[in-house]
$ cat final_39.csv   # CSV, C-alpha atoms
chain,number,residue,atom,x,y,z
F,1,MET,CA,-32.7,-27.4,-23.6
F,2,SER,CA,-33.9,-24.0,-22.4
F,3,PHE,CA,-30.4,-22.4,-22.4
F,4,LYS,CA,-30.3,-23.1,-26.1
F,5,GLU,CA,-33.8,-21.5,-26.4
F,6,PHE,CA,-32.5,-18.6,-24.4
F,7,LEU,CA,-29.6,-18.1,-26.8
F,8,LYS,CA,-32.0,-18.3,-29.7
F,9,GLU,CA,-34.2,-15.7,-28.0
F,10,LEU,CA,-31.3,-13.3,-27.9
F,11,ASN,CA,-32.0,-12.9,-31.5
F,12,GLY,CA,-35.8,-13.1,-31.2
F,13,ASN,CA,-38.8,-10.8,-30.8
F,14,ARG,CA,-39.1,-11.0,-27.0
F,15,VAL,CA,-37.4,-8.6,-24.6
F,16,GLU,CA,-34.4,-11.0,-24.5
F,17,GLY,CA,-33.9,-10.1,-28.1
F,18,GLU,CA,-33.1,-6.5,-27.0
F,19,LEU,CA,-30.5,-7.4,-24.3
F,20,VAL,CA,-27.5,-7.2,-26.6
F,21,LYS,CA,-28.8,-4.0,-28.1
F,22,THR,CA,-29.2,-2.6,-24.6
F,23,ILE,CA,-25.6,-3.4,-23.8
F,24,PHE,CA,-24.6,-1.6,-27.0
F,25,TYR,CA,-26.6,1.5,-26.3
F,26,SER,CA,-25.3,1.6,-22.7
F,27,LEU,CA,-21.7,1.3,-23.8
F,28,ILE,CA,-22.1,3.9,-26.5
F,29,THR,CA,-23.6,6.3,-24.0
F,30,SER,CA,-20.9,5.9,-21.3
F,31,PHE,CA,-18.0,5.8,-23.7
F,32,LEU,CA,-19.2,8.9,-25.5
F,33,PHE,CA,-19.6,10.7,-22.2
F,34,LEU,CA,-16.2,9.6,-21.0
F,35,GLY,CA,-14.6,10.3,-24.3
F,36,ILE,CA,-15.9,13.9,-24.3
F,37,LEU,CA,-14.8,14.5,-20.8
F,38,TYR,CA,-11.4,13.0,-21.5
F,39,TYR,CA,-10.9,15.2,-24.5
F,40,PHE,CA,-11.9,18.4,-22.8
F,41,LYS,CA,-10.8,17.9,-19.2
F,42,PHE,CA,-9.4,14.6,-18.1
F,43,LYS,CA,-6.4,14.4,-20.4
F,44,TYR,CA,-5.0,17.4,-18.6
F,45,ILE,CA,-5.0,15.6,-15.3
F,46,GLU,CA,-1.6,14.0,-14.7
F,47,ASN,CA,-1.5,10.2,-14.9
F,48,PHE,CA,-5.2,10.1,-15.5
F,49,ILE,CA,-5.4,6.8,-17.4
F,50,PRO,CA,-2.9,4.9,-15.2
F,51,LYS,CA,-4.7,6.0,-12.1
F,52,TYR,CA,-8.4,5.9,-13.1
F,53,GLY,CA,-8.7,4.5,-16.6
F,54,ILE,CA,-9.1,0.8,-15.9
F,55,TYR,CA,-11.8,1.5,-13.2
F,56,LEU,CA,-13.8,3.9,-15.4
F,57,PHE,CA,-13.6,1.4,-18.2
F,58,PHE,CA,-14.8,-1.5,-16.1
F,59,SER,CA,-17.5,0.7,-14.5
F,60,ALA,CA,-18.9,1.4,-18.0
F,61,LEU,CA,-18.8,-2.3,-18.9
F,62,SER,CA,-20.4,-3.2,-15.6
F,63,TYR,CA,-23.3,-0.8,-15.9
F,64,ALA,CA,-23.7,-2.0,-19.5
F,65,LEU,CA,-24.3,-5.5,-18.1
F,66,ILE,CA,-26.5,-4.5,-15.1
F,67,ILE,CA,-28.9,-2.3,-17.2
F,68,PRO,CA,-30.2,-5.1,-19.5
F,69,THR,CA,-31.5,-6.9,-16.4
F,70,ILE,CA,-33.4,-3.8,-15.4
F,71,ARG,CA,-34.9,-3.7,-18.9
F,72,GLN,CA,-35.8,-7.3,-18.8
F,73,VAL,CA,-37.5,-7.0,-15.4
F,74,ARG,CA,-39.4,-3.8,-16.5
F,75,ALA,CA,-40.7,-5.6,-19.5
F,76,TYR,CA,-42.3,-8.4,-17.4
F,77,LYS,CA,-43.3,-6.0,-14.5
F,78,GLU,CA,-44.5,-8.8,-12.1
F,79,MET,CA,-42.9,-12.0,-11.1
F,80,ALA,CA,-43.4,-14.8,-8.6
F,81,CYS,CA,-42.0,-14.2,-5.1
F,82,MET,CA,-39.1,-16.7,-5.4
F,83,SER,CA,-38.0,-15.3,-8.8
F,84,GLY,CA,-38.4,-11.7,-7.7
F,85,MET,CA,-36.4,-12.3,-4.6
F,86,MET,CA,-33.5,-13.8,-6.6
F,87,VAL,CA,-33.7,-10.9,-9.0
F,88,GLY,CA,-33.6,-8.3,-6.2
F,89,MET,CA,-30.8,-10.1,-4.4
F,90,THR,CA,-28.6,-10.7,-7.5
F,91,SER,CA,-29.2,-7.2,-8.9
F,92,GLY,CA,-28.6,-5.5,-5.5
F,93,MET,CA,-25.5,-7.5,-4.8
F,94,VAL,CA,-23.7,-7.1,-8.1
F,95,ALA,CA,-24.8,-3.5,-8.5
F,96,GLY,CA,-23.4,-2.8,-5.1
F,97,PHE,CA,-20.3,-4.9,-5.3
F,98,LEU,CA,-18.9,-3.6,-8.6
F,99,PRO,CA,-19.1,0.2,-8.0
F,100,GLY,CA,-17.9,-0.4,-4.4
F,101,PHE,CA,-14.9,-2.3,-5.7
F,102,TYR,CA,-14.0,0.3,-8.4
F,103,ILE,CA,-14.4,3.4,-6.1
F,104,ALA,CA,-12.6,1.8,-3.2
F,105,SER,CA,-9.7,1.2,-5.5
F,106,THR,CA,-9.3,4.9,-6.1
F,107,ASN,CA,-10.9,6.7,-3.2
F,108,GLY,CA,-10.8,4.4,-0.2
F,109,MET,CA,-13.0,2.1,1.8
F,110,PHE,CA,-15.5,4.6,3.2
F,111,ILE,CA,-16.6,6.3,0.0
F,112,GLY,CA,-16.4,3.1,-2.0
F,113,GLY,CA,-18.4,1.1,0.5
F,114,PHE,CA,-21.2,3.6,0.9
F,115,PHE,CA,-21.4,4.6,-2.8
F,116,GLY,CA,-21.6,0.9,-3.7
F,117,ALA,CA,-24.2,0.3,-1.1
F,118,PHE,CA,-26.2,3.3,-2.3
F,119,VAL,CA,-26.2,2.1,-6.0
F,120,GLY,CA,-26.8,-1.5,-4.9
F,121,ILE,CA,-29.8,-0.6,-2.7
F,122,ILE,CA,-31.4,1.6,-5.3
F,123,LEU,CA,-31.1,-0.9,-8.1
F,124,GLY,CA,-31.9,-3.8,-5.8
F,125,ILE,CA,-35.1,-2.1,-4.7
F,126,TYR,CA,-36.0,-1.1,-8.3
F,127,ASN,CA,-35.5,-4.6,-9.6
F,128,GLY,CA,-36.8,-6.4,-6.5
F,129,LYS,CA,-40.1,-4.6,-6.4
F,130,CYS,CA,-41.3,-6.8,-9.3
F,131,CYS,CA,-42.4,-9.3,-6.6
F,132,GLY,CA,-43.4,-6.9,-3.8
F,133,ILE,CA,-41.9,-6.3,-0.4
F,134,MET,CA,-39.9,-9.5,-0.2
F,135,GLY,CA,-37.9,-8.6,-3.4
F,136,VAL,CA,-37.5,-5.0,-2.1
F,137,MET,CA,-36.1,-6.3,1.2
F,138,GLU,CA,-33.7,-8.6,-0.6
F,139,GLY,CA,-32.6,-5.7,-2.8
F,140,ILE,CA,-31.9,-3.5,0.2
F,141,VAL,CA,-30.0,-6.2,2.2
F,142,ALA,CA,-28.0,-7.4,-0.8
F,143,GLY,CA,-27.2,-3.9,-2.0
F,144,PHE,CA,-25.9,-2.9,1.4
F,145,MET,CA,-23.8,-6.0,1.7
F,146,GLY,CA,-22.5,-5.9,-1.8
F,147,GLY,CA,-21.4,-2.3,-1.6
F,148,LEU,CA,-19.4,-2.9,1.6
F,149,MET,CA,-18.0,-6.2,0.5
F,150,GLY,CA,-16.8,-4.9,-2.9
F,151,ALA,CA,-15.1,-1.9,-1.3
F,152,MET,CA,-13.5,-4.1,1.3
F,153,THR,CA,-12.2,-6.6,-1.3
F,154,ALA,CA,-10.6,-3.8,-3.3
F,155,PHE,CA,-9.1,-2.2,-0.3
F,156,MET,CA,-7.5,-5.4,0.9
F,157,LEU,CA,-6.0,-6.0,-2.6
F,158,LEU,CA,-4.3,-2.6,-2.9
F,159,ASN,CA,-0.9,-4.2,-2.8
F,160,ASP,CA,-1.8,-7.5,-4.3
F,161,ASN,CA,-2.7,-7.6,-8.0
F,162,LEU,CA,-5.6,-5.2,-7.7
F,163,LYS,CA,-5.9,-4.7,-11.5
F,164,ILE,CA,-5.9,-8.4,-12.3
F,165,ALA,CA,-8.5,-8.8,-9.5
F,166,THR,CA,-10.6,-6.1,-11.2
F,167,ILE,CA,-10.7,-8.0,-14.4
F,168,LEU,CA,-11.6,-11.3,-12.6
F,169,VAL,CA,-14.3,-9.7,-10.5
F,170,PHE,CA,-15.9,-8.2,-13.6
F,171,LEU,CA,-15.8,-11.5,-15.5
F,172,ILE,CA,-17.4,-13.4,-12.6
F,173,SER,CA,-20.1,-10.7,-12.2
F,174,ALA,CA,-20.7,-10.8,-15.9
F,175,ILE,CA,-21.4,-14.6,-15.7
F,176,ILE,CA,-23.7,-14.0,-12.7
F,177,LEU,CA,-25.7,-11.3,-14.6
F,178,ILE,CA,-26.0,-13.4,-17.8
F,179,SER,CA,-27.2,-16.3,-15.6
F,180,LEU,CA,-29.8,-13.9,-14.1
F,181,ASN,CA,-31.0,-12.9,-17.6
F,182,TYR,CA,-31.3,-16.6,-18.3
F,183,MET,CA,-33.2,-17.3,-15.1
F,184,ILE,CA,-35.7,-14.5,-15.7
F,185,TYR,CA,-36.3,-15.8,-19.2
F,186,ASN,CA,-36.7,-19.4,-17.9
F,187,GLU,CA,-39.2,-18.2,-15.3
F,188,MET,CA,-41.1,-15.9,-17.5
F,189,LYS,CA,-41.0,-17.5,-20.9
F,190,GLU,CA,-44.7,-18.5,-20.7
F,191,ASN,CA,-45.7,-14.9,-19.8
F,192,LYS,CA,-46.4,-12.0,-22.0
F,193,ARG,CA,-44.4,-8.9,-22.1
F,194,GLN,CA,-46.0,-6.0,-20.3
F,195,LEU,CA,-43.9,-3.1,-21.5
F,196,ASN,CA,-42.4,-2.1,-24.8
F,197,GLU,CA,-40.0,0.7,-24.7
F,198,ASP,CA,-37.2,2.3,-26.6
F,199,HIS,CA,-33.6,2.8,-25.3
F,200,PHE,CA,-34.1,6.3,-23.8
F,201,PHE,CA,-34.4,4.8,-20.3
F,202,THR,CA,-31.2,2.8,-20.9
F,203,MET,CA,-29.3,5.8,-21.9
F,204,VAL,CA,-30.5,8.0,-19.1
F,205,ILE,CA,-29.8,5.5,-16.4
F,206,THR,CA,-26.4,4.8,-17.9
F,207,LEU,CA,-25.6,8.5,-18.0
F,208,ILE,CA,-26.6,9.0,-14.4
F,209,LEU,CA,-24.6,6.1,-13.1
F,210,THR,CA,-21.5,6.8,-15.2
F,211,ALA,CA,-21.6,10.5,-14.3
F,212,LEU,CA,-21.9,9.8,-10.6
F,213,THR,CA,-19.1,7.2,-10.7
F,214,THR,CA,-16.8,9.3,-12.8
F,215,TYR,CA,-17.3,12.4,-10.6
F,216,ILE,CA,-16.6,10.4,-7.4
F,217,ILE,CA,-13.5,8.6,-8.9
F,218,VAL,CA,-12.0,11.7,-10.3
F,219,PHE,CA,-13.1,14.5,-7.9
F,220,GLY,CA,-14.7,12.8,-5.0
F,221,PRO,CA,-13.5,12.6,-1.4
F,222,ARG,CA,-10.6,10.3,-0.6
F,223,SER,CA,-9.6,8.5,2.6
F,224,ALA,CA,-6.2,9.4,4.1
F,225,LEU,CA,-4.4,6.6,2.4
F,226,PHE,CA,-5.1,8.1,-1.0
F,227,GLN,CA,-4.2,11.7,-0.4
L,1,MET,CA,-41.6,6.9,-25.0
L,2,GLU,CA,-43.4,3.6,-25.3
L,3,GLU,CA,-43.6,2.1,-28.8
L,4,ASN,CA,-43.8,-1.2,-30.5
L,5,ILE,CA,-40.4,-2.5,-31.4
L,6,THR,CA,-39.8,-5.3,-33.9
L,7,ILE,CA,-36.3,-6.8,-33.8
L,8,LYS,CA,-35.2,-8.0,-37.2
L,9,LYS,CA,-33.6,-11.3,-37.3
L,10,ASN,CA,-29.8,-11.3,-37.1
L,11,ASP,CA,-29.9,-7.9,-35.5
L,12,MET,CA,-28.2,-9.3,-32.4
L,13,TRP,CA,-25.1,-10.4,-34.3
L,14,LYS,CA,-24.7,-6.9,-35.7
L,15,TYR,CA,-25.0,-5.3,-32.3
L,16,LEU,CA,-22.8,-8.0,-30.7
L,17,PHE,CA,-20.1,-7.4,-33.3
L,18,LEU,CA,-20.2,-3.6,-32.8
L,19,THR,CA,-20.2,-4.0,-29.0
L,20,VAL,CA,-17.1,-6.2,-29.2
L,21,ILE,CA,-15.3,-3.8,-31.5
L,22,ILE,CA,-16.1,-0.8,-29.3
L,23,VAL,CA,-15.0,-2.6,-26.1
L,24,ALA,CA,-11.8,-3.8,-27.9
L,25,ILE,CA,-10.9,-0.3,-29.1
L,26,VAL,CA,-11.6,1.4,-25.8
L,27,GLY,CA,-10.0,-1.4,-23.8
L,28,LEU,CA,-6.9,-1.3,-26.0
L,29,PHE,CA,-6.6,2.5,-25.5
L,30,ILE,CA,-6.9,2.1,-21.7
L,31,PHE,CA,-4.4,-0.8,-21.4
L,32,VAL,CA,-1.8,0.7,-23.7
L,33,ASN,CA,-1.9,4.0,-21.7
L,34,ALA,CA,-2.2,2.3,-18.3
L,35,GLY,CA,1.5,2.3,-17.6
L,36,GLU,CA,2.6,0.2,-14.7
L,37,GLY,CA,0.0,1.6,-12.3
L,38,ILE,CA,0.0,1.3,-8.6
L,39,ASN,CA,1.3,-2.2,-8.2
L,40,ASN,CA,4.9,-1.5,-9.0
L,41,PRO,CA,7.4,-3.3,-6.9
L,42,ILE,CA,8.8,-0.5,-4.7
L,43,THR,CA,12.5,-0.3,-3.9
L,44,GLY,CA,14.3,2.4,-2.2
L,45,GLU,CA,17.4,3.2,-0.2
L,46,VAL,CA,17.9,1.6,3.1
L,47,VAL,CA,18.0,4.1,5.8
L,48,ASN,CA,20.5,2.5,8.0
L,49,THR,CA,22.9,4.6,10.0
L,50,GLY,CA,25.0,1.6,11.1
L,51,ASP,CA,25.0,3.0,14.6
L,52,ILE,CA,26.7,0.6,17.1
L,53,GLU,CA,24.0,1.0,19.7
L,54,ALA,CA,21.0,0.8,17.5
L,55,GLN,CA,20.3,0.6,13.7
L,56,LYS,CA,17.9,3.4,13.1
L,57,ILE,CA,15.5,2.9,10.2
L,58,THR,CA,12.6,5.2,9.2
L,59,LEU,CA,9.9,3.9,6.8
L,60,GLY,CA,7.6,6.2,4.9
L,61,MET,CA,4.6,5.4,2.7
L,62,LYS,CA,4.5,5.5,-1.1
L,63,ASN,CA,1.8,4.0,-3.5
L,64,TYR,CA,-0.1,2.6,-0.5
L,65,ASN,CA,3.0,0.6,0.6
L,66,TYR,CA,6.0,1.0,2.9
L,67,TYR,CA,8.9,3.0,1.4
L,68,PRO,CA,11.5,1.6,1.1
L,69,ASN,CA,10.1,-1.8,1.3
L,70,THR,CA,13.5,-3.6,1.3
L,71,ILE,CA,15.7,-2.9,4.3
L,72,THR,CA,19.0,-4.5,5.4
L,73,VAL,CA,20.1,-4.8,9.0
L,74,LYS,CA,22.9,-6.4,10.9
L,75,SER,CA,22.3,-9.5,13.0
L,76,GLY,CA,22.7,-9.2,16.7
L,77,GLN,CA,22.5,-5.4,16.7
L,78,PRO,CA,19.3,-3.7,18.0
L,79,VAL,CA,17.0,-2.1,15.5
L,80,GLU,CA,15.0,1.0,16.2
L,81,LEU,CA,12.4,1.3,13.5
L,82,THR,CA,10.1,4.3,13.2
L,83,LEU,CA,7.2,5.0,10.8
L,84,ASP,CA,7.1,8.7,9.6
L,85,GLU,CA,4.0,10.9,9.4
L,86,SER,CA,3.2,9.8,5.8
L,87,VAL,CA,2.4,6.2,7.1
L,88,ARG,CA,-1.3,6.0,7.7
L,89,GLY,CA,-4.1,3.6,8.4
L,90,CYS,CA,-3.4,0.0,9.0
L,91,LEU,CA,0.2,0.4,7.8
L,92,ARG,CA,0.9,1.9,11.3
L,93,GLY,CA,0.5,-1.6,12.7
L,94,PHE,CA,3.9,-3.2,11.9
L,95,THR,CA,4.6,-6.9,12.1
L,96,ILE,CA,7.5,-9.2,11.3
L,97,LYS,CA,5.9,-12.6,12.0
L,98,ASP,CA,9.1,-14.7,11.7
L,99,LEU,CA,11.0,-12.4,14.2
L,100,GLY,CA,8.0,-12.1,16.6
L,101,VAL,CA,7.7,-8.4,16.1
L,102,SER,CA,4.3,-6.8,16.2
L,103,LYS,CA,3.5,-3.2,17.3
L,104,TYR,CA,1.0,-0.5,16.5
L,105,SER,CA,3.1,2.7,16.2
L,106,LYS,CA,0.8,5.6,17.1
L,107,THR,CA,3.1,8.4,16.3
L,108,PRO,CA,6.4,8.9,14.3
L,109,GLU,CA,8.2,9.0,17.6
L,110,ASP,CA,6.8,5.7,18.7
L,111,SER,CA,9.6,3.3,17.7
L,112,ILE,CA,9.4,-0.4,17.1
L,113,ASP,CA,12.5,-2.0,18.8
L,114,PHE,CA,13.8,-5.4,18.3
L,115,THR,CA,17.1,-7.3,17.9
L,116,PRO,CA,17.3,-9.8,15.0
L,117,THR,CA,19.4,-12.7,16.0
L,118,GLU,CA,18.8,-15.0,13.0
L,119,LYS,CA,20.3,-14.2,9.6
L,120,GLY,CA,18.1,-14.5,6.6
L,121,THR,CA,15.4,-12.8,4.6
L,122,PHE,CA,12.1,-12.2,6.3
L,123,ALA,CA,8.8,-10.6,5.2
L,124,PHE,CA,7.3,-7.7,7.1
L,125,SER,CA,3.8,-6.3,6.6
L,126,CYS,CA,1.1,-4.2,8.2
L,127,SER,CA,-1.3,-5.8,10.6
L,128,MET,CA,-3.7,-6.6,7.7
L,129,GLY,CA,-1.1,-7.8,5.2
L,130,MET,CA,-1.8,-4.9,2.8
L,131,GLY,CA,1.5,-3.1,3.1
L,132,TYR,CA,4.5,-5.4,2.9
L,133,GLY,CA,8.2,-5.6,2.3
L,134,THR,CA,11.4,-7.6,3.0
L,135,ILE,CA,13.9,-7.3,5.8
L,136,ILE,CA,17.3,-8.8,5.1
L,137,VAL,CA,19.3,-9.7,8.2
L,138,GLU,CA,23.0,-10.0,7.4

$ encode --input "final_39.csv" --output "structure tokens"
Amino acid sequence: MSFKEFLKELNGNRVEGELVKTIFYSLITSFLFLGILYYFKFKYIENFIPKYGIYLFFSALSYALIIPTIRQVRAYKEMACMSGMMVGMTSGMVAGFLPGFYIASTNGMFIGGFFGAFVGIILGIYNGKCCGIMGVMEGIVAGFMGGLMGAMTAFMLLNDNLKIATILVFLISAIILISLNYMIYNEMKENKRQLNEDHFFTMVITLILTALTTYIIVFGPRSALFQ
Amino acid sequence: MEENITIKKNDMWKYLFLTVIIVAIVGLFIFVNAGEGINNPITGEVVNTGDIEAQKITLGMKNYNYYPNTITVKSGQPVELTLDESVRGCLRGFTIKDLGVSKYSKTPEDSIDFTPTEKGTFAFSCSMGMGYGTIIVE
């Protein structure tokens, strides 16, 4: 059973053996960043945690699950077209949907939709380029769609259990991303790793994504409904 | 930045354990301090003048929903409902499906007029179903 092999590899010497560590480093980076900001600035903002806490928390968790996929794809560098397209599409869609969802919950449909699409397209292209132009195209299309869809879903749920939906959306996305890690392992298990790297890249990209998301959620423009 | 990394056996469990602990601590902090958030049930005073000619009601907007979101009117008496300037976006499209009321109120002066003839409790909402409330016809 290759899923059992995959679980075994999570503790092995391949790149899959670094996925949990990557999640850990990403979470440490974003929680430290948010913790420092909270201590010096955010705790003075009225109702900060009830208004933004859950969305910032799940943003950090989401990025911590998206970034291991980037590490895994970077390690193999090149993939077959079909696998690469799936990687581009799934990464773009989830990386667009989740930020779009969180930001639309606090700032509105416009800023949520387009920020989600921006993140989704960038990460979709970055991951999809492992198989060339087809993966890149998949990344662009899925990132664009995911961003707008995530924002729209959150906006439509404003008066209907939005916080519970946030948890469910995150859990479903987590399952999708773990399945993607498994798919990449399954497709590439016969191939050699092309890149060994430390966790500097993980921490930098986490910091950029968390900083952008935090800035927009707390200080960014809001649609009329949120003013 | 590139270097050879050797993962020791059982490293994963250590990192998984630490990750779960960190998420649990931060998550607990967030949920304990989260309060009731934006999904509170909203109740407010009914703005009903009891006017013989028309029952005048003005709805505002609070926490992305109509305020008040429970209103009481008398059966057989015309209702003149207006949405004040705080009501924005799709909430300006007002519908009471069971009473056949549906109108987009462009301005606070643009009233939604109807006469409820049936007694009971009915749901009202915006045109997209995002803002909602209850109208009680006595």

$ residues_around --input "final_39.csv" --residues "Asp98 in chain L" --least-positions-apart "6" --cutoff "12 Å" --atoms "only C-alpha atoms" --output "list in words"
Pro116, Thr117, Glu118, Lys119, Gly120, Thr121, Phe122, Ala123, Phe124, Ser125, Thr134, Ile135 and Val137 of chain L

$ residues_around --input "final_39.csv" --residues "Glu109 in chain L" --least-positions-apart "4" --cutoff "9 Å" --atoms "all atoms listed in the file" --output "list in words"
Thr82, Leu83, Asp84 and Ser105 of chain L

$ atom_distance --input "final_39.csv" --atom1 "CA of Met156 in chain F" --atom2 "CA of Phe29 in chain L"
27.6 Å

$ interface_residues --input "final_39.csv" --of "chain F" --to "chain L" --cutoff "10 Å" --atoms "all atoms listed in the file" --output "number ranges by chain"
F: 9-15, 17-28, 31, 35, 47-58, 60-61, 155-163, 195-201, 223-227

$ write_last_selection --input "final_39.csv" --atoms "C-alpha atoms" --output "compact mmCIF listing (two decimals), in the frame of the given file"
# COMPACT_ATOMS: atom_id res chain seq x y z
CA GLU F 9 -34.20 -15.70 -28.00
CA LEU F 10 -31.30 -13.30 -27.90
CA ASN F 11 -32.00 -12.90 -31.50
CA GLY F 12 -35.80 -13.10 -31.20
CA ASN F 13 -38.80 -10.80 -30.80
CA ARG F 14 -39.10 -11.00 -27.00
CA VAL F 15 -37.40 -8.60 -24.60
CA GLY F 17 -33.90 -10.10 -28.10
CA GLU F 18 -33.10 -6.50 -27.00
CA LEU F 19 -30.50 -7.40 -24.30
CA VAL F 20 -27.50 -7.20 -26.60
CA LYS F 21 -28.80 -4.00 -28.10
CA THR F 22 -29.20 -2.60 -24.60
CA ILE F 23 -25.60 -3.40 -23.80
CA PHE F 24 -24.60 -1.60 -27.00
CA TYR F 25 -26.60 1.50 -26.30
CA SER F 26 -25.30 1.60 -22.70
CA LEU F 27 -21.70 1.30 -23.80
CA ILE F 28 -22.10 3.90 -26.50
CA PHE F 31 -18.00 5.80 -23.70
CA GLY F 35 -14.60 10.30 -24.30
CA ASN F 47 -1.50 10.20 -14.90
CA PHE F 48 -5.20 10.10 -15.50
CA ILE F 49 -5.40 6.80 -17.40
CA PRO F 50 -2.90 4.90 -15.20
CA LYS F 51 -4.70 6.00 -12.10
CA TYR F 52 -8.40 5.90 -13.10
CA GLY F 53 -8.70 4.50 -16.60
CA ILE F 54 -9.10 0.80 -15.90
CA TYR F 55 -11.80 1.50 -13.20
CA LEU F 56 -13.80 3.90 -15.40
CA PHE F 57 -13.60 1.40 -18.20
CA PHE F 58 -14.80 -1.50 -16.10
CA ALA F 60 -18.90 1.40 -18.00
CA LEU F 61 -18.80 -2.30 -18.90
CA PHE F 155 -9.10 -2.20 -0.30
CA MET F 156 -7.50 -5.40 0.90
CA LEU F 157 -6.00 -6.00 -2.60
CA LEU F 158 -4.30 -2.60 -2.90
CA ASN F 159 -0.90 -4.20 -2.80
CA ASP F 160 -1.80 -7.50 -4.30
CA ASN F 161 -2.70 -7.60 -8.00
CA LEU F 162 -5.60 -5.20 -7.70
CA LYS F 163 -5.90 -4.70 -11.50
CA LEU F 195 -43.90 -3.10 -21.50
CA ASN F 196 -42.40 -2.10 -24.80
CA GLU F 197 -40.00 0.70 -24.70
CA ASP F 198 -37.20 2.30 -26.60
CA HIS F 199 -33.60 2.80 -25.30
CA PHE F 200 -34.10 6.30 -23.80
CA PHE F 201 -34.40 4.80 -20.30
CA SER F 223 -9.60 8.50 2.60
CA ALA F 224 -6.20 9.40 4.10
CA LEU F 225 -4.40 6.60 2.40
CA PHE F 226 -5.10 8.10 -1.00
CA GLN F 227 -4.20 11.70 -0.40

$ closest_residue --input "final_39.csv" --among "F:Pro221, F:Gly132, F:Gly147, F:Gly139" --to "Met89 in chain F" --atoms "only C-alpha atoms"
F:Gly139

$ residues_near_point --input "final_39.csv" --point "(3.1, -5.9, 16.4)" --cutoff "10 Å" --atoms "all atoms listed in the file" --output "VMD selection string"
chain L and resid 92 to 97 100 to 105 112 125 to 127

$ atom_distance --input "final_39.csv" --atom1 "CA of Tyr215 in chain F" --atom2 "CA of Pro99 in chain F"
12.6 Å

$ atom_distance --input "final_39.csv" --atom1 "CA of Gly112 in chain F" --atom2 "CA of Gly133 in chain L"
26.4 Å

$ residues_around --input "final_39.csv" --residues "Phe114 in chain L" --least-positions-apart "5" --cutoff "10 Å" --atoms "all atoms listed in the file" --output "number ranges by chain"
L: 54-55, 76-81, 99-102

$ closest_residue --input "final_39.csv" --among "F:Ile66, F:Ile103, F:Ser30, F:Glu16" --to "Arg222 in chain F" --atoms "all atoms listed in the file"
F:Ile103

$ closest_residue --input "final_39.csv" --among "F:Asn107, F:Val136, F:Cys130, F:Phe114" --to "Ile217 in chain F" --atoms "only C-alpha atoms"
F:Asn107

$ closest_residue --input "final_39.csv" --among "F:Leu209, F:Ile70, F:Ala154, F:Ile164" --to "Val87 in chain F" --atoms "all atoms listed in the file"
F:Ile70

$ closest_residue --input "final_39.csv" --among "L:Ile57, L:Glu85, L:Ala24, L:Lys106" --to "Thr72 in chain L" --atoms "all atoms listed in the file"
L:Ile57

$ closest_residue --input "final_39.csv" --among "L:Val73, L:Leu59, L:Ser111, L:Leu28" --to "Ile136 in chain L" --atoms "all atoms listed in the file"
L:Val73

$ residues_around --input "final_39.csv" --residues "Ile208 in chain F" --least-positions-apart "3" --cutoff "12 Å" --atoms "only C-alpha atoms" --output "list in words"
Ser26, Thr29, Ser30, Phe33, Ala60, Tyr63, Ile67, Val119, Phe201, Thr202, Met203, Val204, Ile205, Ala211, Leu212, Thr213, Thr214 and Tyr215 of chain F

$ residues_around --input "final_39.csv" --residues "Glu138 in chain F" --least-positions-apart "4" --cutoff "12 Å" --atoms "only C-alpha atoms" --output "PyMOL selection string"
chain F and resi 81-93+120-134+142-146
